[in-house]
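Peer 1: Sharing a structure below in structure tokens format, with a few things to ask.
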Amino acid sequence: KYFRIPETLDVSSYEQQPIHLAGQIQPYGVLLALQEPELTILQVSKNTNQFFGIPPESLLEQNLNCLLSPAQIQLIADSLQEKQTVFVHLLEITHKHLEISSFFLGILHRSHGVLILEMEPHSLMKTIPLLEDTHLLERAVFNIRNASHVSDLYQTLAQEVRKITQFDRVMIYKFEPDYSGVVIAEDKQSDIETYLGLHYPAFDVPNQARELYCKNWLRVIPEVNYQPVDILKSNHSLADEPLNLSNSILRSISSCHREYLRNMGVAGSMSISLINENRLWGLIACHHYSPKYIDYEIRKICEVIGQFASIELVNYRERTLNFYRQQVKCIQQQLNHNLTNELDYIGNIFKRNETSLLNLLRANSAAILLQQQLILIGNTPSEQDTRELVEWTLNQNQQDIFYTDSLSQLYPKASNFQDKACGILAISIVLHERSYHIIWFRPEQVQTVNWAGNPHEAISDDKQYLTPRKSFELWKQTVENKSLPWQAFEIEVAQEMRNSLMLAALEFSQLALQQAA
Ligand code: BLA
């Protein structure tokens, strides 16, 4: 039925590849590893001839002053006394033979005991005046802050990054709790196909990549079709291991990912991390269909936008949680009010709060069983099926809350109503022989995704498995017979609901006892 993972694709081998020890760089700059404090060159990328007119062998074990003027060396040495982690200088290098000089941005950071200097050609003409940069950033921050709701925030974020960078496509890629991902917003050229709403399996951005992207905010691949450049080591080099390039901007990108991009027709790419409490929340993923170099200054602006948006996302989450808490409180207050005709009364409260009850737990439908009285909200399984299901959950667990995102695995009958109840969350209270139950239902995940294009579209070439469309097919396999997972905060909300219901039930039973006496 579904496209299967090709046997030749060993996903686990990519999961383990240490991408920060690639030992190679992208060819759009030069990398030097230096020993402090003398600034001796311990390692150097093999492409120095092209940029400096000097072969890499003749730079090894030399002092950096063979490349830079004493004034520049002093500038670097002074900056290294400062506390920050990255140092940036505009550097001028004179080609000895051609007698011309060229400019570079020299970006320095320390990595496991060595100082790494990366040099990117930098045209003085191209440097955007500082004021203009500030305005780009200011506008983006203003628009992001003024987003009216969270989906507007995602869309604005994609639009702002695209306005600033002019990529053909900018997407907001959000990780789910299981690290599969979904494109939740997109701004693109009008004539290319959309990826909005497509889901991808977790290995599309493997674990080690996600870990790395939590440490640095941005990567760029100006030219996907590049030939990686090796790094030359001096014989006296301190360590045998490859350099740790975790924070290097030139780090060569995993060949698997490059193939993926090539299969998508992408020739230039960039991605910016969105981080929430040390967890990679998502990525701003940018594609271009021809090679695309983005100036360092613009990349920095994008990085700051990513950092700002990350804070906004946390704020939004807080606000959402507060909103839910208020709704629970509201239902709670209604339950505590006027305790007369018990069952009808509780039933009415829930009917009146139908929408909140569903939104509270992002459920599509729900059922409330008060003694024998059954109230169905939304598109639920049939009355008979629901009653049997409640009975089953009661026998299943001795706990107050029962939830699963793959009901049919535990309760085979559920495969008849996967489109309504593939995942359930149930709370129950049994008190003095009276019972109260609420069950929330979620349909099978595949049925809720927003299909971009025709999901049943034939996949013509089996060899090209590394493309978003095929990833989407793979993702569908991983979520077959599964609903969206219940998240920790949703379980908390359900627990809250149960507590409120419990309190109301207790009051009722006391009232009943008093009346009997
Ligand atoms: C990295 N995978 C990435 C990155 C993205 C994606 C955005 C970040 C690198 C970057 O900036 O470009 C995934 N990009 C997507 C997805 C879409 C997109 C899903 O545009 C959808 C529209 N990737 C695979 C498979 C493997 C794989 C099958 O699809 C290997 C089994 C590996 N992806 C992979 C690796 C990296 C990666 C190893 C890290 C690249 C690096 O930083 O070196």
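Ordering of the structure tokens sets the chain letters (A, B, ...); residue numbers start at 1 within each chain; ligands are numbered from 1 in the order shown.
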Using only C-alpha atoms and all ligand atoms, which protein or nucleic acid residues are at most 6 Å from ligand 1, as a PyMOL selection string?

Peer 2: chain A and resi 11+14+19+195+200+203-206+209+219+253-254+256-257+260+269-271+285+466+468

Peer 1: So which residues touch stretch 77-88 of chain A within 8 Å, counting only C-alpha atoms, skipping near sequence neighbours fewer than 2 positions away, as number ranges by chain?

Peer 2: A: 73-75, 90, 105-110

Peer 1: Write out, as a PDB file, in the first residue's frame, the residues just selected, with C-alpha atoms.

Peer 2:
```pdb
ATOM      1  CA  ILE A  73      47.899  40.147  13.878  1.00  0.00           C
ATOM      2  CA  GLN A  74      47.830  42.599  16.762  1.00  0.00           C
ATOM      3  CA  LEU A  75      44.132  43.228  16.197  1.00  0.00           C
ATOM      4  CA  LEU A  90      37.823  42.340   8.220  1.00  0.00           C
ATOM      5  CA  LEU A 105      35.952  38.258   6.796  1.00  0.00           C
ATOM      6  CA  GLY A 106      38.031  36.378   9.361  1.00  0.00           C
ATOM      7  CA  ILE A 107      35.765  34.529  11.780  1.00  0.00           C
ATOM      8  CA  LEU A 108      37.533  33.038  14.787  1.00  0.00           C
ATOM      9  CA  HIS A 109      36.381  30.634  17.456  1.00  0.00           C
ATOM     10  CA  ARG A 110      38.053  28.138  19.794  1.00  0.00           C
TER      11      ARG A 110
END
```

Peer 1: Pick from A:Gln418, A:Ser382, A:Ser428, A:Asn348: nearest to A:Ala505, with only C-alpha atoms counted?

Peer 2: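 Nearest to A:Ala505: A:Ser428.
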
Peer 1: For A:Thr320, work out the shell of residues within 12 Å, counting only C-alpha atoms and skipping chain neighbours fewer than 5 positions away, then give it as a ChimeraX atom specification.

Peer 2: /A:149-150,313-315,325-327,359-361,489-490,493

Peer 1: Would you export the selected residues with C-alpha atoms as a PDB file, in the first residue's frame, please?

Peer 2:
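Done, and the output landed in out29.pdb:
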```pdb
ATOM      1  CA  HIS A 149      -1.944  34.606  16.587  1.00  0.00           C
ATOM      2  CA  VAL A 150       0.522  31.785  16.467  1.00  0.00           C
ATOM      3  CA  LEU A 313       7.444  30.803  20.557  1.00  0.00           C
ATOM      4  CA  VAL A 314       8.087  30.080  24.226  1.00  0.00           C
ATOM      5  CA  ASN A 315       5.882  33.062  25.125  1.00  0.00           C
ATOM      6  CA  ARG A 325      -5.841  26.535  32.488  1.00  0.00           C
ATOM      7  CA  GLN A 326      -8.424  29.302  32.471  1.00  0.00           C
ATOM      8  CA  GLN A 327     -10.848  27.159  30.518  1.00  0.00           C
ATOM      9  CA  ASN A 359      -9.955  22.249  22.011  1.00  0.00           C
ATOM     10  CA  LEU A 360      -8.594  21.665  25.460  1.00  0.00           C
ATOM     11  CA  LEU A 361      -7.091  18.382  24.308  1.00  0.00           C
ATOM     12  CA  PHE A 489       0.776  19.213  29.107  1.00  0.00           C
ATOM     13  CA  GLU A 490      -2.409  17.734  27.647  1.00  0.00           C
ATOM     14  CA  VAL A 493      -4.949  19.352  31.584  1.00  0.00           C
TER      15      VAL A 493
END
```

Peer 1: I need the residues of stretch 143-365 of chain A that end up classed as helix (DSSP H, G or I) by DSSP on the backbone, written out as a PyMOL selection string.

Peer 2: chain A and resi 143-145+150-165+202-204+207-215+255-263+296-335+342-352+354-360

Peer 1: Given only C-alpha atoms as the basis, pick out the residue of A:Thr134, A:Thr40, A:Ser435, A:Ser471 nearest to A:Met502.

Peer 2: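 Smallest separation from A:Met502 among the options: A:Ser435.
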
Peer 1: Which is closest to A:Ile116 among A:Asn247, A:Thr194, A:Gln26, A:Gln155, if we use only C-alpha atoms?

Peer 2: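 Of all the options, A:Asn247 lies closest to A:Ile116.
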
Peer 1: Residues within 12 Å of A:Val224, please, as an MDAnalysis selection string. Count only C-alpha atoms; anything in the same chain fewer than 2 positions from it doesn't count.

Peer 2: chainID A and resid 26:28 220:222 226:228 252:270 287:293

Peer 1: Those selected residues, please, written with C-alpha atoms and delivered as a PDB file, in the first residue's frame.

Peer 2:
```pdb
ATOM      1  CA  GLN A  26      32.812  23.667   1.791  1.00  0.00           C
ATOM      2  CA  PRO A  27      34.922  25.470  -0.816  1.00  0.00           C
ATOM      3  CA  TYR A  28      33.617  29.021  -0.381  1.00  0.00           C
ATOM      4  CA  VAL A 220      24.491  27.691   4.944  1.00  0.00           C
ATOM      5  CA  ILE A 221      25.253  25.772   1.749  1.00  0.00           C
ATOM      6  CA  PRO A 222      25.818  28.368  -0.998  1.00  0.00           C
ATOM      7  CA  TYR A 226      30.327  21.418  -4.344  1.00  0.00           C
ATOM      8  CA  GLN A 227      33.476  19.350  -4.116  1.00  0.00           C
ATOM      9  CA  PRO A 228      34.432  19.085  -0.415  1.00  0.00           C
ATOM     10  CA  SER A 252      31.177  20.253   4.936  1.00  0.00           C
ATOM     11  CA  ILE A 253      27.580  19.039   4.979  1.00  0.00           C
ATOM     12  CA  SER A 254      26.736  15.330   5.162  1.00  0.00           C
ATOM     13  CA  SER A 255      26.673  13.732   1.696  1.00  0.00           C
ATOM     14  CA  CYS A 256      23.306  12.131   2.462  1.00  0.00           C
ATOM     15  CA  HIS A 257      21.720  15.495   3.028  1.00  0.00           C
ATOM     16  CA  ARG A 258      23.361  16.959  -0.069  1.00  0.00           C
ATOM     17  CA  GLU A 259      21.892  14.170  -2.147  1.00  0.00           C
ATOM     18  CA  TYR A 260      18.495  14.891  -0.634  1.00  0.00           C
ATOM     19  CA  LEU A 261      18.797  18.554  -1.608  1.00  0.00           C
ATOM     20  CA  ARG A 262      20.008  17.694  -5.120  1.00  0.00           C
ATOM     21  CA  ASN A 263      17.066  15.346  -5.629  1.00  0.00           C
ATOM     22  CA  MET A 264      14.757  18.187  -4.659  1.00  0.00           C
ATOM     23  CA  GLY A 265      16.444  20.364  -7.262  1.00  0.00           C
ATOM     24  CA  VAL A 266      17.829  22.649  -4.560  1.00  0.00           C
ATOM     25  CA  ALA A 267      21.153  24.310  -5.426  1.00  0.00           C
ATOM     26  CA  GLY A 268      21.570  26.619  -2.450  1.00  0.00           C
ATOM     27  CA  SER A 269      20.239  26.293   1.086  1.00  0.00           C
ATOM     28  CA  MET A 270      20.306  27.695   4.574  1.00  0.00           C
ATOM     29  CA  HIS A 287      15.823  26.688  -0.529  1.00  0.00           C
ATOM     30  CA  HIS A 288      17.104  28.246  -3.716  1.00  0.00           C
ATOM     31  CA  TYR A 289      17.048  26.671  -7.158  1.00  0.00           C
ATOM     32  CA  SER A 290      20.353  28.198  -8.213  1.00  0.00           C
ATOM     33  CA  PRO A 291      23.477  28.611  -6.074  1.00  0.00           C
ATOM     34  CA  LYS A 292      23.033  31.319  -3.486  1.00  0.00           C
ATOM     35  CA  TYR A 293      25.589  33.059  -1.338  1.00  0.00           C
TER      36      TYR A 293
END
```

Peer 1: Excluding A:Ser273 and residues on its chain fewer than 6 positions from it, collect all residues at most 8 Å away from it, counting only C-alpha atoms, and give them as a list in words.

Peer 2: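 Residues near the query, excluding close chain neighbours: Tyr213, Cys214, Asn216, Trp217, Leu218, Leu280, Trp281, Gly282, Leu283, Ile284 and Gly306 of chain A.
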
Peer 1: With N, CA and C atoms retained, export the selected residues as an mmCIF file, in the first residue's frame.

Peer 2:
```cif
data_model
loop_
_atom_site.group_PDB
_atom_site.id
_atom_site.type_symbol
_atom_site.label_atom_id
_atom_site.label_comp_id
_atom_site.auth_asym_id
_atom_site.auth_seq_id
_atom_site.Cartn_x
_atom_site.Cartn_y
_atom_site.Cartn_z
ATOM 1 N N TYR A 213 22.466 21.280 15.840
ATOM 2 C CA TYR A 213 21.693 22.489 15.532
ATOM 3 C C TYR A 213 21.166 23.171 16.786
ATOM 4 N N CYS A 214 21.246 22.444 17.912
ATOM 5 C CA CYS A 214 20.885 23.058 19.190
ATOM 6 C C CYS A 214 22.034 23.900 19.718
ATOM 7 N N ASN A 216 24.493 25.455 17.511
ATOM 8 C CA ASN A 216 24.685 26.653 16.685
ATOM 9 C C ASN A 216 23.424 26.941 15.900
ATOM 10 N N TRP A 217 23.254 28.191 15.570
ATOM 11 C CA TRP A 217 21.940 28.656 15.106
ATOM 12 C C TRP A 217 21.756 28.612 13.606
ATOM 13 N N LEU A 218 22.844 28.486 12.843
ATOM 14 C CA LEU A 218 22.655 28.662 11.394
ATOM 15 C C LEU A 218 23.651 27.850 10.578
ATOM 16 N N LEU A 280 15.448 21.381 20.206
ATOM 17 C CA LEU A 280 15.259 21.936 18.868
ATOM 18 C C LEU A 280 13.769 21.888 18.561
ATOM 19 N N TRP A 281 13.144 23.056 18.556
ATOM 20 C CA TRP A 281 11.697 23.140 18.325
ATOM 21 C C TRP A 281 11.392 22.980 16.841
ATOM 22 N N GLY A 282 12.277 23.566 16.018
ATOM 23 C CA GLY A 282 12.055 23.508 14.572
ATOM 24 C C GLY A 282 13.192 24.187 13.820
ATOM 25 N N LEU A 283 12.997 24.348 12.521
ATOM 26 C CA LEU A 283 14.014 24.999 11.688
ATOM 27 C C LEU A 283 13.321 25.966 10.738
ATOM 28 N N ILE A 284 14.008 27.053 10.445
ATOM 29 C CA ILE A 284 13.574 27.869 9.322
ATOM 30 C C ILE A 284 14.420 27.344 8.157
ATOM 31 N N GLY A 306 16.026 34.295 14.318
ATOM 32 C CA GLY A 306 15.758 32.947 14.837
ATOM 33 C C GLY A 306 15.728 32.956 16.363
#
```

Peer 1: Under the rule that only C-alpha atoms are counted, which of A:Arg210, A:His432, A:His122, A:Lys163 is the nearest residue to A:Phe103?

Peer 2: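 For A:Phe103, the nearest of the given residues is A:His122.
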
Peer 1: Enumerate, as a ChimeraX atom specification, the complete set of residues in stretch 250-405 of chain A that a backbone-based DSSP assignment places in strand (DSSP E or B).

Peer 2: /A:251,268-276,279-288,365-370,373-377,401-404

Peer 1: Per residue of stretch 93-142 of chain A within 9 Å of stretch 46-52 of chain A, record the nearest atom pair and its distance in Å to one decimal, counting only C-alpha atoms, with rows in chain order and ascending residue number, as CSV.

Peer 2:
```
residue,atom,partner,partner_atom,distance
A:Ile93,CA,A:Phe52,CA,7.2
A:Thr94,CA,A:Phe52,CA,7.6
A:His95,CA,A:Phe52,CA,5.9
A:Lys96,CA,A:Phe52,CA,8.6
A:Ser102,CA,A:Phe52,CA,8.5
A:Pro121,CA,A:Phe51,CA,8.1
```

Peer 1: Take the residues that were just selected and, keeping C-alpha atoms, output them as a PDB file, in the first residue's frame.

Peer 2:
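The result, stored in selection_2.pdb:
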```pdb
ATOM      1  CA  ILE A  93      45.543  39.754   2.174  1.00  0.00           C
ATOM      2  CA  THR A  94      48.079  40.762  -0.424  1.00  0.00           C
ATOM      3  CA  HIS A  95      48.775  38.316  -3.226  1.00  0.00           C
ATOM      4  CA  LYS A  96      52.545  38.405  -3.377  1.00  0.00           C
ATOM      5  CA  SER A 102      41.693  41.060  -1.438  1.00  0.00           C
ATOM      6  CA  PRO A 121      35.962  36.508   0.689  1.00  0.00           C
TER       7      PRO A 121
END
```
